[in-house]
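Following: one structure in structure tokens, then a few remarks.
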Amino acid sequence: MLILQERIIKMAKSEHIFKRKIYDLLLKWKQEEDGRTALLIEGARRVGKSTIAEEFGKNEYESYIVIDFSKASKRVKDLFEDISDLETLFMHLQFEYKVSLIERKSLIIFDEIQFCPKARQAIKHLVADHRYDYIETGSLISISKNTKDILIPSEEDYVKMNPLDFEEFLWAVGDTITSNLLRDVIEKRTYRSIPHRILMKKFRTYMAIGGMPQAIETYLNTNDLIRVDKVKRGIINLYLSDFIKIDTSGRISRLYENIPAQLNRKVSRYMVHSVIGDTDEKKEDMLMSELAASMTINMCYHTADPSNGLFFFFDNEYF
């Protein structure tokens with residue numbers, strides 16, 4: 001188990017400081033791989049991928065460049081069309097971003113990598129060159145749709161990033177005691193000593209706000225749950241826009257939006273046909289796999305045997 005170091009991660013354009021567990025996974029990758037692989041941070045939009053990558057570059061390297069392909073110029077993207085001359089590539093990047101790159105002491109971040117598939121394909125050769133370290137970030141649902149014409153590099157490590165969990169949320173709101181207390185109670189099995197009402201209030205607050213950094217930031221700045229809800233609705237609208245891009249029929253969007261209603265029904269599983277109508281099993285599986293790959297949902301499958309090795313007994317038709 002990784003021991004969380006006492007590091008603080010300052011969110012971009014934020015006066016609050018959030019500590020994220022994934023930071024230690026990045027440190028582990030840097031120390032163990034030493035530039036032999038790139039690292040792809042996968043996750044849904046707005047979970048903090050870009051922020052954590054940039055803070056890592058700021059804290060752990062002498063210099064770093066962030067190439068945000070969602071807004072990079074055509075001139076920058078075209079640099080990755082032909083990478084036969086890496087000297088020219090690095091010279092142009094340093095000139096474009098006004099940053100000096102130092103061999104084995106600099107990090108290049110490919111932010112929103114799904115918008116430049118050729119840059120991802122170039123990772124194989126960039127890693128082999130071994131001059132700098134590379135971190136990629138991107139949304140899975142977009143990444144998977146932009147790789148059909150490129151060679152996926154085997155020189156990639158993967159790490160999935162989720163919204164802040166309950167412990168990270170407690171840290172964000174300034175509570176460094178509760179999670180340690182809970183861990184101690186569980187290990188010692190002294191459940192009667194738990195101040196249950198207080199803990200449940202904290203947990204319900206987390207459930208109301210959620211783990212999106214922007215929502216938590218809004219809560220800390222305003223203490224206004226109406227504004228928090230507005231932020232979360234904005235994020236959901238972004239997801240719906242993404243779903244439409246990969247499925248113009250709108251079926252994935254309907255599956256996503258219908259989750260609350262399905263959870264409220266007294267049935268043992270999600271009734272896909274009640275949302276999108278009758279469709280063949282292959283198409284249904286494809287739609288659900290796309291939704292799961294977006295990391296905007298959590299899938300919970302029925303299992304026939306609650307013993308060890310749940311995966312061997314799960315039923316993918318009941319979820």
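Here's how to read the names in the structure tokens: chain A, B, ... by the order shown, residue numbers from 1 in each chain, ligand numbers from 1 in the order shown.
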
- Message: as a ChimeraX atom specification, please: the residues near range 103-107 of chain A (cut-off 10 Å, only C-alpha atoms, same-chain neighbours under 3 positions excluded).
- Response: /A:34-35,53-54,56-58,60-66,99-100,110,130-135

Sorted per-residue table, range 207-316 of chain A near range 167-187 of chain A, closest atoms and distance, 9 Å, only C-alpha atoms, as a Markdown table:
| residue | atom | partner | partner_atom | distance |
| --- | --- | --- | --- | --- |
| A:Gly210 | CA | A:Phe169 | CA | 8.4 |
| A:Gly211 | CA | A:Phe169 | CA | 6.7 |
| A:Ile216 | CA | A:Ala172 | CA | 7.8 |
| A:Glu217 | CA | A:Ala172 | CA | 8.8 |
| A:Leu220 | CA | A:Val173 | CA | 7.2 |

- Task: Rank A:Gln214, A:Thr37, A:Gln121, A:Thr296 by their smallest atom-to-atom distance to Thr51 in chain A, using only C-alpha atoms, and report the top residue only.
- Result: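 Using only C-alpha atoms, Thr51 in chain A sits closest to A:Gln214.
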
- Task: Any chance you could list, as a ChimeraX atom specification, the residues in range 20-217 of chain A that come up strand (DSSP E) when DSSP is run on the backbone?
- Result: /A:38-42,63-68,106-111,133-138,156-160

Take the residues from that selection and put them in a file with C-alpha atoms, as a compact mmCIF listing (two decimals), in the first residue's frame.
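Output file out-v5.txt follows:
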# COMPACT_ATOMS: atom_id res chain seq x y z
CA ALA A 38 4.98 7.66 -20.52
CA LEU A 39 2.04 7.90 -18.12
CA LEU A 40 -1.55 8.28 -19.34
CA ILE A 41 -3.94 9.72 -16.75
CA GLU A 42 -7.42 8.53 -17.71
CA SER A 63 10.96 22.77 -16.01
CA TYR A 64 7.84 21.56 -17.77
CA ILE A 65 5.71 22.28 -20.83
CA VAL A 66 1.94 21.84 -21.00
CA ILE A 67 0.61 21.28 -24.52
CA ASP A 68 -3.16 21.61 -24.29
CA SER A 106 12.00 18.24 -17.64
CA LEU A 107 8.44 17.02 -18.16
CA ILE A 108 6.28 17.43 -21.27
CA ILE A 109 2.53 17.15 -20.63
CA PHE A 110 0.22 16.21 -23.49
CA ASP A 111 -3.04 17.58 -22.13
CA ASP A 133 9.46 12.47 -19.20
CA TYR A 134 5.94 12.47 -20.63
CA ILE A 135 2.48 12.56 -19.04
CA GLU A 136 -0.71 12.40 -21.11
CA THR A 137 -4.18 13.28 -19.92
CA GLY A 138 -7.51 12.64 -21.56
CA GLU A 156 2.45 3.74 -21.80
CA ASP A 157 1.56 3.15 -18.19
CA TYR A 158 -2.03 3.89 -17.16
CA VAL A 159 -3.55 5.35 -14.05
CA LYS A 160 -7.24 6.11 -13.60

Just list as a compact mmCIF listing (two decimals) with N, CA and C atoms, in the first residue's frame whatever in range 225-309 of chain A DSSP marks as alpha helix (DSSP H).
# COMPACT_ATOMS: atom_id res chain seq x y z
N LEU A 225 -25.30 25.53 -1.51
CA LEU A 225 -25.53 24.29 -2.23
C LEU A 225 -26.26 24.51 -3.55
N ILE A 226 -26.98 25.61 -3.68
CA ILE A 226 -27.64 25.91 -4.95
C ILE A 226 -26.60 26.18 -6.02
N ARG A 227 -25.56 26.94 -5.66
CA ARG A 227 -24.48 27.20 -6.62
C ARG A 227 -23.69 25.92 -6.92
N VAL A 228 -23.51 25.10 -5.90
CA VAL A 228 -22.84 23.81 -6.10
C VAL A 228 -23.62 22.97 -7.10
N ASP A 229 -24.93 22.94 -6.93
CA ASP A 229 -25.77 22.16 -7.84
C ASP A 229 -25.67 22.69 -9.26
N LYS A 230 -25.59 23.99 -9.41
CA LYS A 230 -25.46 24.59 -10.74
C LYS A 230 -24.16 24.15 -11.41
N VAL A 231 -23.08 24.09 -10.62
CA VAL A 231 -21.79 23.63 -11.15
C VAL A 231 -21.90 22.18 -11.61
N LYS A 232 -22.51 21.35 -10.78
CA LYS A 232 -22.62 19.93 -11.12
C LYS A 232 -23.49 19.72 -12.35
N ARG A 233 -24.55 20.49 -12.47
CA ARG A 233 -25.40 20.37 -13.66
C ARG A 233 -24.64 20.78 -14.91
N GLY A 234 -23.76 21.76 -14.77
CA GLY A 234 -22.93 22.17 -15.90
C GLY A 234 -22.01 21.05 -16.35
N ILE A 235 -21.44 20.33 -15.39
CA ILE A 235 -20.56 19.21 -15.71
C ILE A 235 -21.34 18.09 -16.39
N ILE A 236 -22.54 17.81 -15.89
CA ILE A 236 -23.38 16.78 -16.51
C ILE A 236 -23.72 17.16 -17.95
N ASN A 237 -23.97 18.43 -18.19
CA ASN A 237 -24.25 18.87 -19.56
C ASN A 237 -23.05 18.66 -20.48
N LEU A 238 -21.84 18.81 -19.93
CA LEU A 238 -20.63 18.51 -20.71
C LEU A 238 -20.60 17.03 -21.10
N TYR A 239 -20.94 16.17 -20.14
CA TYR A 239 -20.95 14.73 -20.42
C TYR A 239 -21.98 14.41 -21.50
N LEU A 240 -23.15 15.00 -21.40
CA LEU A 240 -24.20 14.75 -22.39
C LEU A 240 -23.75 15.20 -23.78
N SER A 241 -23.02 16.30 -23.84
CA SER A 241 -22.50 16.77 -25.12
C SER A 241 -21.50 15.78 -25.69
N ASP A 242 -20.67 15.21 -24.82
CA ASP A 242 -19.71 14.20 -25.26
C ASP A 242 -20.41 12.96 -25.78
N PHE A 243 -21.46 12.54 -25.08
CA PHE A 243 -22.20 11.34 -25.50
C PHE A 243 -22.80 11.53 -26.89
N ILE A 244 -23.31 12.71 -27.17
CA ILE A 244 -23.91 12.98 -28.47
C ILE A 244 -22.85 12.89 -29.57
N LYS A 245 -21.63 13.29 -29.27
CA LYS A 245 -20.56 13.24 -30.26
C LYS A 245 -20.24 11.81 -30.69
N ILE A 246 -20.35 10.85 -29.75
CA ILE A 246 -20.00 9.47 -30.10
C ILE A 246 -21.23 8.64 -30.46
N ARG A 251 -28.94 7.59 -27.71
CA ARG A 251 -29.28 6.49 -26.82
C ARG A 251 -28.39 6.45 -25.58
N ILE A 252 -27.09 6.73 -25.75
CA ILE A 252 -26.20 6.74 -24.58
C ILE A 252 -26.62 7.86 -23.63
N SER A 253 -26.97 9.00 -24.18
CA SER A 253 -27.44 10.11 -23.34
C SER A 253 -28.67 9.72 -22.54
N ARG A 254 -29.61 9.03 -23.21
CA ARG A 254 -30.83 8.62 -22.51
C ARG A 254 -30.52 7.59 -21.43
N LEU A 255 -29.61 6.68 -21.70
CA LEU A 255 -29.22 5.69 -20.69
C LEU A 255 -28.64 6.38 -19.45
N TYR A 256 -27.84 7.40 -19.70
CA TYR A 256 -27.21 8.14 -18.60
C TYR A 256 -28.24 8.93 -17.80
N GLU A 257 -29.09 9.67 -18.50
CA GLU A 257 -30.07 10.52 -17.82
C GLU A 257 -31.12 9.71 -17.07
N ILE A 259 -30.66 7.06 -15.23
CA ILE A 259 -30.13 6.33 -14.06
C ILE A 259 -30.93 6.61 -12.79
N PRO A 260 -31.23 7.86 -12.43
CA PRO A 260 -32.00 8.09 -11.20
C PRO A 260 -33.35 7.38 -11.21
N ALA A 261 -34.04 7.43 -12.33
CA ALA A 261 -35.35 6.77 -12.42
C ALA A 261 -35.22 5.26 -12.28
N GLN A 262 -34.19 4.69 -12.88
CA GLN A 262 -33.98 3.25 -12.80
C GLN A 262 -33.66 2.82 -11.37
N LEU A 263 -32.85 3.61 -10.68
CA LEU A 263 -32.50 3.30 -9.29
C LEU A 263 -33.71 3.38 -8.38
N ASN A 264 -34.67 4.20 -8.75
CA ASN A 264 -35.86 4.39 -7.92
C ASN A 264 -36.91 3.32 -8.14
N HIS A 273 -33.98 -1.91 -22.17
CA HIS A 273 -35.00 -1.82 -23.22
C HIS A 273 -36.10 -0.81 -22.89
N SER A 274 -36.31 -0.55 -21.58
CA SER A 274 -37.35 0.41 -21.21
C SER A 274 -36.92 1.84 -21.50
N VAL A 275 -35.63 2.04 -21.75
CA VAL A 275 -35.10 3.38 -22.02
C VAL A 275 -34.90 3.61 -23.52
N ILE A 276 -34.32 2.63 -24.21
CA ILE A 276 -33.98 2.82 -25.63
C ILE A 276 -34.77 1.90 -26.55
N GLU A 281 -28.58 -7.66 -28.79
CA GLU A 281 -27.71 -7.75 -27.61
C GLU A 281 -26.34 -7.13 -27.87
N LYS A 282 -25.81 -7.32 -29.07
CA LYS A 282 -24.48 -6.77 -29.39
C LYS A 282 -24.49 -5.25 -29.31
N LYS A 283 -25.54 -4.62 -29.84
CA LYS A 283 -25.64 -3.17 -29.82
C LYS A 283 -25.82 -2.67 -28.39
N GLU A 284 -26.61 -3.38 -27.62
CA GLU A 284 -26.82 -2.98 -26.23
C GLU A 284 -25.52 -3.04 -25.45
N ASP A 285 -24.76 -4.13 -25.64
CA ASP A 285 -23.48 -4.26 -24.95
C ASP A 285 -22.53 -3.14 -25.35
N MET A 286 -22.54 -2.76 -26.63
CA MET A 286 -21.66 -1.70 -27.10
C MET A 286 -22.00 -0.37 -26.43
N LEU A 287 -23.30 -0.07 -26.35
CA LEU A 287 -23.72 1.18 -25.72
C LEU A 287 -23.32 1.23 -24.25
N MET A 288 -23.53 0.12 -23.55
CA MET A 288 -23.19 0.10 -22.12
C MET A 288 -21.68 0.16 -21.91
N SER A 289 -20.91 -0.47 -22.80
CA SER A 289 -19.46 -0.42 -22.66
C SER A 289 -18.93 0.99 -22.90
N GLU A 290 -19.56 1.70 -23.85
CA GLU A 290 -19.17 3.09 -24.09
C GLU A 290 -19.46 3.95 -22.86
N LEU A 291 -20.60 3.72 -22.25
CA LEU A 291 -20.98 4.49 -21.06
C LEU A 291 -20.05 4.18 -19.90
N ALA A 292 -19.73 2.91 -19.72
CA ALA A 292 -18.82 2.52 -18.63
C ALA A 292 -17.42 3.08 -18.86
N ALA A 293 -16.97 3.08 -20.13
CA ALA A 293 -15.63 3.56 -20.45
C ALA A 293 -15.48 5.06 -20.18

- Which value, in Å to one decimal, gives the distance between CA of Thr205 in chain A and CA of Tyr270 in chain A? 27.2 Å

- Task: Name the residues in contact with Leu25 in chain A at a cut-off of 8 Å, using only C-alpha atoms, excluding same-chain residues fewer than 3 positions from it; report them as a ChimeraX atom specification.
- Result: /A:2,21-22,28-29,159

For N, CA and C atoms, I'd like the residues from the last selection saved as a compact mmCIF listing (two decimals), in the first residue's frame.
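Wrote it out as again_17.txt, contents follow:
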# COMPACT_ATOMS: atom_id res chain seq x y z
N LEU A 2 0.54 2.19 -0.86
CA LEU A 2 1.31 3.42 -0.89
C LEU A 2 1.00 4.26 0.34
N LYS A 21 -4.66 11.69 -3.63
CA LYS A 21 -3.90 10.44 -3.43
C LYS A 21 -3.14 10.03 -4.68
N ILE A 22 -3.65 10.40 -5.85
CA ILE A 22 -3.01 9.99 -7.09
C ILE A 22 -1.61 10.57 -7.23
N LYS A 28 5.59 7.45 -7.79
CA LYS A 28 6.04 6.07 -7.93
C LYS A 28 6.43 5.78 -9.37
N TRP A 29 5.61 6.25 -10.31
CA TRP A 29 5.92 6.07 -11.73
C TRP A 29 7.24 6.76 -12.07
N VAL A 159 -3.01 5.17 -15.39
CA VAL A 159 -3.55 5.35 -14.05
C VAL A 159 -4.91 6.04 -14.22
